[in-house]
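Undergrad: My questions will all concern the structure given below.
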Amino acid sequence: MTETLAQAIEVTRRYGDVVALDTTSLDIRAGELIGLLGPNGAGKSTLVNLLAGLRRPTSGTVRLFGGTPRDPARRRELGMTPQDTGLPSTLRVRECVDFVAAHFPAPAGRDELLDRFGLSGLRDRQIGGLSGGQKRRIAVALAFAGNPRLVLLDEPTTGLDVEARRALWDGIRDYHAGGGAVLLTSHYLEEIEALAERVVVLGHGRTLADDTLEAVRGMVGVRRVSLTAAHLPELPGVLGVEREEERTHLLTADADLLVRELVLAGVPFSGLEIRPTTLEEAFLAITAADPGAAAVGTAA
Ligand SMILES: Nc1ncnc2c1ncn2[C@@H]1O[C@H](COP(=O)(O)OP(=O)(O)OP(=O)(O)O)[C@@H](O)[C@H]1O
């Protein structure tokens, strides 16, 4: 059986009156690449911080590599990039990597690490002279410096341009291909879609979905029917309509019925395509159906 690296078991975390996590459970197994999604305030960072031992649960149990995450020996096998990072501005990039790597018994090779994240060109630059995006990329790469078995990445690519984001994706994929496990939070659903194999959706501190990417996408059972037509009549079972230049996208739970009705209506159309919903559409449907959201009157 695959080894469980980290576990949250029926964990609740309160901040005063705010219930950030409400009896939430999560298992992270060796080699998994998990995307953790949820609207603002859903409890993602709180869960990451509990797993990393930076905060304690109000109730429930958190385990990291079979013990408590507050044990420094266990944390040595964990890599992490917090949302905010301060790097020493006077160090050169290579010195900074060496400094962090020196805290670990079997660190990753410095040049190999910089190469993995497309950062070799910054090797001799002083941290203080780097752009915000470059510092962010270094901070994410440093999460991998100790050759960890599990990496927790809380919004690692926020504020990065497309090229920098893709360079980080390559680094994360490379680490994962070598057997490493990753828990990744992001507001960029295409990032989760590009990287994750398993998707966990949190809403108001509770787990709303936890399954393979495919299964979560398919959870809402909605299909997207796309076509080009000058005019469309009212059609049955249409849940949503989007227009994009000359293309119209219809969301429906019954694509067969919709296409039959289109043909019966005698509407001229071309370029018909039917495909599953994107993760974004599934995410919106799942979080909108969250009973916690209805209770406080917000859906996202
Ligand atoms: N230190 C704190 N003190 C008080 N409340 C907090 C604290 N940290 C988090 N919270 C509250 O706990 C809830 C969950 O916050 P958390 O940061 O875990 O959510 P999140 O899903 O990571 O959100 P985001 O997507 O905005 O980063 C929120 O209501 C937040 O305001």
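Note on naming: chains are A, B, ... as they come in the structure tokens, residues start from 1 per chain, ligands start from 1 in the order shown.
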Neighbours of ligand 1 within 10 Å, counting only C-alpha atoms and all ligand atoms, as an MDAnalysis selection string?
TA: chainID A and resid 13:21 36:50 55 83 154:155 185:187 201:205
Undergrad: Can you list, as a PDB file with N, CA and C atoms, in the first residue's frame, all residues belonging to stretch 21-236 of chain A that DSSP tags as strand (DSSP E or B)?
TA:
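Wrote part_35.pdb, looks like this:
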```pdb
ATOM      1  N   LEU A  21     -11.595  25.801   9.815  1.00  0.00           N
ATOM      2  CA  LEU A  21     -11.716  24.402   9.366  1.00  0.00           C
ATOM      3  C   LEU A  21     -12.715  23.710  10.277  1.00  0.00           C
ATOM      4  N   ASP A  22     -13.579  22.916   9.677  1.00  0.00           N
ATOM      5  CA  ASP A  22     -14.677  22.315  10.411  1.00  0.00           C
ATOM      6  C   ASP A  22     -14.664  20.796  10.185  1.00  0.00           C
ATOM      7  N   THR A  23     -14.080  20.059  11.112  1.00  0.00           N
ATOM      8  CA  THR A  23     -13.965  18.582  11.030  1.00  0.00           C
ATOM      9  C   THR A  23     -13.554  18.106   9.632  1.00  0.00           C
ATOM     10  N   THR A  24     -12.465  18.667   9.170  1.00  0.00           N
ATOM     11  CA  THR A  24     -11.962  18.346   7.826  1.00  0.00           C
ATOM     12  C   THR A  24     -10.911  17.242   7.914  1.00  0.00           C
ATOM     13  N   SER A  25     -10.934  16.324   6.964  1.00  0.00           N
ATOM     14  CA  SER A  25      -9.904  15.277   6.907  1.00  0.00           C
ATOM     15  C   SER A  25      -9.236  15.281   5.543  1.00  0.00           C
ATOM     16  N   LEU A  26      -7.953  14.985   5.535  1.00  0.00           N
ATOM     17  CA  LEU A  26      -7.213  14.882   4.266  1.00  0.00           C
ATOM     18  C   LEU A  26      -6.033  13.943   4.468  1.00  0.00           C
ATOM     19  N   ASP A  27      -5.847  13.034   3.537  1.00  0.00           N
ATOM     20  CA  ASP A  27      -4.669  12.150   3.525  1.00  0.00           C
ATOM     21  C   ASP A  27      -3.822  12.521   2.325  1.00  0.00           C
ATOM     22  N   ILE A  28      -2.519  12.650   2.513  1.00  0.00           N
ATOM     23  CA  ILE A  28      -1.623  12.868   1.363  1.00  0.00           C
ATOM     24  C   ILE A  28      -0.698  11.661   1.290  1.00  0.00           C
ATOM     25  N   ARG A  29      -0.741  10.958   0.171  1.00  0.00           N
ATOM     26  CA  ARG A  29       0.076   9.752   0.028  1.00  0.00           C
ATOM     27  C   ARG A  29       1.302  10.019  -0.841  1.00  0.00           C
ATOM     28  N   LEU A  33       0.043  14.339  -6.467  1.00  0.00           N
ATOM     29  CA  LEU A  33       0.073  15.776  -6.766  1.00  0.00           C
ATOM     30  C   LEU A  33      -1.369  16.275  -6.617  1.00  0.00           C
ATOM     31  N   ILE A  34      -1.615  16.921  -5.483  1.00  0.00           N
ATOM     32  CA  ILE A  34      -2.987  17.287  -5.114  1.00  0.00           C
ATOM     33  C   ILE A  34      -3.192  18.786  -5.269  1.00  0.00           C
ATOM     34  N   GLY A  35      -4.270  19.162  -5.905  1.00  0.00           N
ATOM     35  CA  GLY A  35      -4.653  20.573  -5.998  1.00  0.00           C
ATOM     36  C   GLY A  35      -5.703  20.857  -4.941  1.00  0.00           C
ATOM     37  N   LEU A  36      -5.450  21.887  -4.124  1.00  0.00           N
ATOM     38  CA  LEU A  36      -6.401  22.267  -3.069  1.00  0.00           C
ATOM     39  C   LEU A  36      -7.066  23.568  -3.484  1.00  0.00           C
ATOM     40  N   LEU A  37      -8.376  23.492  -3.691  1.00  0.00           N
ATOM     41  CA  LEU A  37      -9.125  24.636  -4.199  1.00  0.00           C
ATOM     42  C   LEU A  37     -10.154  25.095  -3.186  1.00  0.00           C
ATOM     43  N   SER A  59      -9.219  21.150  17.509  1.00  0.00           N
ATOM     44  CA  SER A  59      -9.483  19.749  17.842  1.00  0.00           C
ATOM     45  C   SER A  59      -9.148  18.904  16.627  1.00  0.00           C
ATOM     46  N   GLY A  60      -9.028  17.602  16.845  1.00  0.00           N
ATOM     47  CA  GLY A  60      -8.634  16.702  15.753  1.00  0.00           C
ATOM     48  C   GLY A  60      -7.128  16.475  15.776  1.00  0.00           C
ATOM     49  N   THR A  61      -6.648  15.678  14.827  1.00  0.00           N
ATOM     50  CA  THR A  61      -5.243  15.259  14.833  1.00  0.00           C
ATOM     51  C   THR A  61      -4.589  15.561  13.496  1.00  0.00           C
ATOM     52  N   VAL A  62      -3.347  16.009  13.558  1.00  0.00           N
ATOM     53  CA  VAL A  62      -2.552  16.202  12.332  1.00  0.00           C
ATOM     54  C   VAL A  62      -1.305  15.348  12.464  1.00  0.00           C
ATOM     55  N   ARG A  63      -1.002  14.599  11.425  1.00  0.00           N
ATOM     56  CA  ARG A  63       0.202  13.761  11.445  1.00  0.00           C
ATOM     57  C   ARG A  63       1.052  14.059  10.215  1.00  0.00           C
ATOM     58  N   LEU A  64       2.347  14.106  10.431  1.00  0.00           N
ATOM     59  CA  LEU A  64       3.292  14.330   9.332  1.00  0.00           C
ATOM     60  C   LEU A  64       4.361  13.248   9.421  1.00  0.00           C
ATOM     61  N   GLY A  67       4.254  11.182  12.610  1.00  0.00           N
ATOM     62  CA  GLY A  67       4.380  11.777  13.951  1.00  0.00           C
ATOM     63  C   GLY A  67       3.751  13.155  13.974  1.00  0.00           C
ATOM     64  N   LEU A  78      10.018  17.937   4.811  1.00  0.00           N
ATOM     65  CA  LEU A  78       8.924  18.705   4.219  1.00  0.00           C
ATOM     66  C   LEU A  78       9.475  19.968   3.574  1.00  0.00           C
ATOM     67  N   GLY A  79       8.962  20.322   2.416  1.00  0.00           N
ATOM     68  CA  GLY A  79       9.320  21.593   1.784  1.00  0.00           C
ATOM     69  C   GLY A  79       8.102  22.484   1.775  1.00  0.00           C
ATOM     70  N   MET A  80       8.332  23.785   1.887  1.00  0.00           N
ATOM     71  CA  MET A  80       7.177  24.673   1.964  1.00  0.00           C
ATOM     72  C   MET A  80       7.492  26.054   1.432  1.00  0.00           C
ATOM     73  N   THR A  81       6.547  26.647   0.732  1.00  0.00           N
ATOM     74  CA  THR A  81       6.661  28.058   0.371  1.00  0.00           C
ATOM     75  C   THR A  81       5.488  28.778   0.985  1.00  0.00           C
ATOM     76  N   ARG A  92      23.787  36.371  -2.744  1.00  0.00           N
ATOM     77  CA  ARG A  92      23.566  36.009  -4.149  1.00  0.00           C
ATOM     78  C   ARG A  92      22.657  34.780  -4.157  1.00  0.00           C
ATOM     79  N   GLN A 126      22.448  39.232  -7.016  1.00  0.00           N
ATOM     80  CA  GLN A 126      22.121  39.491  -5.617  1.00  0.00           C
ATOM     81  C   GLN A 126      20.595  39.509  -5.470  1.00  0.00           C
ATOM     82  N   LEU A 150       7.703  15.624   0.605  1.00  0.00           N
ATOM     83  CA  LEU A 150       6.405  16.279   0.401  1.00  0.00           C
ATOM     84  C   LEU A 150       6.640  17.782   0.390  1.00  0.00           C
ATOM     85  N   VAL A 151       5.989  18.463  -0.555  1.00  0.00           N
ATOM     86  CA  VAL A 151       6.105  19.923  -0.623  1.00  0.00           C
ATOM     87  C   VAL A 151       4.704  20.532  -0.547  1.00  0.00           C
ATOM     88  N   LEU A 152       4.571  21.540   0.313  1.00  0.00           N
ATOM     89  CA  LEU A 152       3.300  22.264   0.432  1.00  0.00           C
ATOM     90  C   LEU A 152       3.488  23.632  -0.216  1.00  0.00           C
ATOM     91  N   LEU A 153       2.731  23.901  -1.244  1.00  0.00           N
ATOM     92  CA  LEU A 153       2.891  25.162  -1.977  1.00  0.00           C
ATOM     93  C   LEU A 153       1.591  25.958  -1.893  1.00  0.00           C
ATOM     94  N   ASP A 154       1.638  27.061  -1.141  1.00  0.00           N
ATOM     95  CA  ASP A 154       0.436  27.881  -0.960  1.00  0.00           C
ATOM     96  C   ASP A 154       0.491  29.037  -1.953  1.00  0.00           C
ATOM     97  N   ALA A 181       5.851  14.186  -3.624  1.00  0.00           N
ATOM     98  CA  ALA A 181       4.429  14.500  -3.434  1.00  0.00           C
ATOM     99  C   ALA A 181       4.258  16.007  -3.235  1.00  0.00           C
ATOM    100  N   VAL A 182       3.146  16.541  -3.753  1.00  0.00           N
ATOM    101  CA  VAL A 182       2.905  17.990  -3.690  1.00  0.00           C
ATOM    102  C   VAL A 182       1.452  18.257  -3.301  1.00  0.00           C
ATOM    103  N   LEU A 183       1.269  19.196  -2.381  1.00  0.00           N
ATOM    104  CA  LEU A 183      -0.063  19.759  -2.146  1.00  0.00           C
ATOM    105  C   LEU A 183       0.035  21.223  -2.557  1.00  0.00           C
ATOM    106  N   LEU A 184      -0.831  21.620  -3.478  1.00  0.00           N
ATOM    107  CA  LEU A 184      -0.714  22.922  -4.124  1.00  0.00           C
ATOM    108  C   LEU A 184      -2.032  23.670  -4.003  1.00  0.00           C
ATOM    109  N   THR A 185      -2.006  24.898  -3.455  1.00  0.00           N
ATOM    110  CA  THR A 185      -3.226  25.696  -3.517  1.00  0.00           C
ATOM    111  C   THR A 185      -3.043  26.746  -4.605  1.00  0.00           C
ATOM    112  N   ARG A 198      -5.181  14.819  -8.372  1.00  0.00           N
ATOM    113  CA  ARG A 198      -6.295  14.714  -7.426  1.00  0.00           C
ATOM    114  C   ARG A 198      -6.672  16.128  -7.016  1.00  0.00           C
ATOM    115  N   VAL A 199      -7.970  16.365  -6.847  1.00  0.00           N
ATOM    116  CA  VAL A 199      -8.435  17.704  -6.519  1.00  0.00           C
ATOM    117  C   VAL A 199      -9.287  17.649  -5.253  1.00  0.00           C
ATOM    118  N   VAL A 200      -8.964  18.522  -4.307  1.00  0.00           N
ATOM    119  CA  VAL A 200      -9.757  18.642  -3.091  1.00  0.00           C
ATOM    120  C   VAL A 200     -10.359  20.043  -3.111  1.00  0.00           C
ATOM    121  N   VAL A 201     -11.683  20.130  -2.944  1.00  0.00           N
ATOM    122  CA  VAL A 201     -12.337  21.441  -2.903  1.00  0.00           C
ATOM    123  C   VAL A 201     -12.826  21.685  -1.484  1.00  0.00           C
ATOM    124  N   LEU A 202     -12.389  22.818  -0.900  1.00  0.00           N
ATOM    125  CA  LEU A 202     -12.862  23.218   0.428  1.00  0.00           C
ATOM    126  C   LEU A 202     -13.866  24.344   0.277  1.00  0.00           C
ATOM    127  N   GLY A 203     -14.859  24.356   1.152  1.00  0.00           N
ATOM    128  CA  GLY A 203     -15.798  25.479   1.214  1.00  0.00           C
ATOM    129  C   GLY A 203     -16.183  25.665   2.666  1.00  0.00           C
ATOM    130  N   ARG A 206     -15.000  23.017   5.120  1.00  0.00           N
ATOM    131  CA  ARG A 206     -15.381  21.612   4.945  1.00  0.00           C
ATOM    132  C   ARG A 206     -14.974  21.113   3.563  1.00  0.00           C
ATOM    133  N   THR A 207     -14.782  19.803   3.463  1.00  0.00           N
ATOM    134  CA  THR A 207     -14.405  19.228   2.178  1.00  0.00           C
ATOM    135  C   THR A 207     -15.663  19.033   1.328  1.00  0.00           C
ATOM    136  N   LEU A 208     -15.696  19.697   0.178  1.00  0.00           N
ATOM    137  CA  LEU A 208     -16.862  19.571  -0.705  1.00  0.00           C
ATOM    138  C   LEU A 208     -16.629  18.510  -1.771  1.00  0.00           C
ATOM    139  N   ALA A 209     -15.364  18.278  -2.105  1.00  0.00           N
ATOM    140  CA  ALA A 209     -15.033  17.261  -3.112  1.00  0.00           C
ATOM    141  C   ALA A 209     -13.608  16.800  -2.873  1.00  0.00           C
ATOM    142  N   ASP A 210     -13.362  15.523  -3.122  1.00  0.00           N
ATOM    143  CA  ASP A 210     -12.000  14.972  -2.992  1.00  0.00           C
ATOM    144  C   ASP A 210     -11.938  13.756  -3.908  1.00  0.00           C
ATOM    145  N   ASP A 211     -11.378  13.970  -5.108  1.00  0.00           N
ATOM    146  CA  ASP A 211     -11.372  12.863  -6.078  1.00  0.00           C
ATOM    147  C   ASP A 211     -10.342  13.160  -7.167  1.00  0.00           C
ATOM    148  N   THR A 212     -10.280  12.292  -8.157  1.00  0.00           N
ATOM    149  CA  THR A 212      -9.369  12.562  -9.267  1.00  0.00           C
ATOM    150  C   THR A 212      -9.835  13.814 -10.003  1.00  0.00           C
ATOM    151  N   ARG A 223     -22.323  19.306 -19.524  1.00  0.00           N
ATOM    152  CA  ARG A 223     -21.552  19.296 -20.763  1.00  0.00           C
ATOM    153  C   ARG A 223     -21.616  20.691 -21.383  1.00  0.00           C
ATOM    154  N   ARG A 224     -20.617  20.975 -22.187  1.00  0.00           N
ATOM    155  CA  ARG A 224     -20.573  22.268 -22.878  1.00  0.00           C
ATOM    156  C   ARG A 224     -20.759  21.985 -24.362  1.00  0.00           C
ATOM    157  N   VAL A 225     -21.842  22.508 -24.924  1.00  0.00           N
ATOM    158  CA  VAL A 225     -22.130  22.325 -26.348  1.00  0.00           C
ATOM    159  C   VAL A 225     -21.771  23.645 -27.035  1.00  0.00           C
ATOM    160  N   SER A 226     -20.801  23.581 -27.950  1.00  0.00           N
ATOM    161  CA  SER A 226     -20.357  24.810 -28.621  1.00  0.00           C
ATOM    162  C   SER A 226     -20.724  24.741 -30.096  1.00  0.00           C
ATOM    163  N   LEU A 227     -21.150  25.848 -30.657  1.00  0.00           N
ATOM    164  CA  LEU A 227     -21.513  25.879 -32.077  1.00  0.00           C
ATOM    165  C   LEU A 227     -21.470  27.315 -32.591  1.00  0.00           C
ATOM    166  N   THR A 228     -21.547  27.420 -33.907  1.00  0.00           N
ATOM    167  CA  THR A 228     -21.653  28.734 -34.541  1.00  0.00           C
ATOM    168  C   THR A 228     -23.029  28.818 -35.189  1.00  0.00           C
TER     169      THR A 228
END
```
Undergrad: Leaving out A:Gly221 and any residue of its chain fewer than 2 positions from it, which residues lie within 12 Å of it when counting only C-alpha atoms, given as a PDB file with C-alpha atoms, in the first residue's frame?
TA:
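As a result, part_12.pdb now contains:
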```pdb
ATOM      1  CA  GLU A 214     -11.436  13.823 -14.046  1.00  0.00           C
ATOM      2  CA  ALA A 215     -14.000  12.808 -11.443  1.00  0.00           C
ATOM      3  CA  VAL A 216     -14.250  16.298  -9.940  1.00  0.00           C
ATOM      4  CA  ARG A 217     -14.660  17.778 -13.403  1.00  0.00           C
ATOM      5  CA  GLY A 218     -17.392  15.234 -14.109  1.00  0.00           C
ATOM      6  CA  MET A 219     -19.086  15.636 -10.692  1.00  0.00           C
ATOM      7  CA  ARG A 223     -21.552  19.296 -20.763  1.00  0.00           C
ATOM      8  CA  ARG A 224     -20.573  22.268 -22.878  1.00  0.00           C
ATOM      9  CA  LEU A 239     -28.094  26.030 -17.745  1.00  0.00           C
ATOM     10  CA  LEU A 251     -24.027  24.446 -20.711  1.00  0.00           C
ATOM     11  CA  THR A 252     -26.434  21.561 -20.300  1.00  0.00           C
ATOM     12  CA  ALA A 253     -26.920  18.394 -18.275  1.00  0.00           C
ATOM     13  CA  ASP A 254     -28.362  16.600 -21.366  1.00  0.00           C
ATOM     14  CA  ALA A 255     -26.310  17.301 -24.482  1.00  0.00           C
ATOM     15  CA  ARG A 275     -17.039  18.438 -24.315  1.00  0.00           C
ATOM     16  CA  PRO A 276     -16.972  17.987 -20.547  1.00  0.00           C
ATOM     17  CA  THR A 277     -16.994  21.064 -18.347  1.00  0.00           C
ATOM     18  CA  THR A 278     -13.733  22.679 -17.376  1.00  0.00           C
ATOM     19  CA  LEU A 279     -12.551  22.444 -13.791  1.00  0.00           C
ATOM     20  CA  GLU A 281     -17.173  25.351 -14.336  1.00  0.00           C
ATOM     21  CA  ALA A 282     -17.218  22.347 -11.996  1.00  0.00           C
ATOM     22  CA  ALA A 285     -21.070  24.622  -9.478  1.00  0.00           C
ATOM     23  CA  ILE A 286     -19.620  22.754  -6.467  1.00  0.00           C
TER      24      ILE A 286
END
```
Undergrad: Here is a test: counting only C-alpha atoms, which residue of A:Leu168, A:Ala52, A:Val11, A:Val97 is nearest to A:Gly133?
TA: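 Going through A:Leu168, A:Ala52, A:Val11, A:Val97 one by one, the smallest distance to A:Gly133 is for A:Leu168.
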Undergrad: So which residues of stretch 120-285 of chain A fall under alpha helix (DSSP H) by DSSP, listed as a count of residues only?
TA: 58
Undergrad: Excluding A:Gly180 and its own-chain neighbours fewer than 4 positions away, which residues fall within 8 Å of it when counting only C-alpha atoms? Please give them as a VMD selection string.
TA: chain A and resid 30 to 32 148 to 151 175 to 176
Undergrad: Would you compute the distance between atom CA of A:Glu245 and atom CA of A:Glu190? Give it in Å to one decimal.
TA: 21.7 Å
Undergrad: Compile the contact shell of A:Leu122 as number ranges by chain: residues with an atom at most 12 Å away, counting only C-alpha atoms, same-chain residues fewer than 3 positions apart removed.
TA: A: 92-97, 111, 114-115, 117-119, 125-131, 134-135, 137-138
Undergrad: Using only C-alpha atoms, determine which residues lie at most 10 Å from A:Arg136, disregarding the query and same-chain residues fewer than 5 positions distant; provide the list as a VMD selection string.
TA: chain A and resid 81 83 to 87 130 to 131 141 to 142 156 to 160 164
Undergrad: May I have the residues from that selection written out with C-alpha atoms, as a short mmCIF file (atom, residue, chain, number, x, y, z; two decimals), in the first residue's frame?
TA:
```cif
data_model
loop_
_atom_site.label_atom_id
_atom_site.label_comp_id
_atom_site.auth_asym_id
_atom_site.auth_seq_id
_atom_site.Cartn_x
_atom_site.Cartn_y
_atom_site.Cartn_z
CA THR A 81 6.66 28.06 0.37
CA GLN A 83 2.41 33.03 0.88
CA ASP A 84 4.83 35.80 1.95
CA THR A 85 8.54 35.30 1.76
CA GLY A 86 11.45 37.39 2.97
CA LEU A 87 14.82 36.51 1.45
CA LEU A 130 15.82 40.83 -8.35
CA SER A 131 12.28 41.65 -9.42
CA ALA A 141 12.53 26.68 -5.69
CA LEU A 142 13.89 26.87 -2.11
CA PRO A 156 3.14 29.59 -5.44
CA THR A 157 2.59 31.41 -8.73
CA THR A 158 0.50 34.38 -7.62
CA GLY A 159 1.73 37.52 -9.35
CA LEU A 160 3.94 35.68 -11.84
CA ALA A 164 7.51 32.33 -15.11
#
```
Undergrad: Tell me, in Å to one decimal, how far atom CA of A:Glu3 is from atom CA of A:Phe65.
TA: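 Going from atom CA of A:Glu3 over to atom CA of A:Phe65, I get 9.0 Å.
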Undergrad: Would you mind reading off the distance between atom CA of A:Gly292 and atom CA of A:Leu250, one decimal, in Å?
TA: 28.3 Å
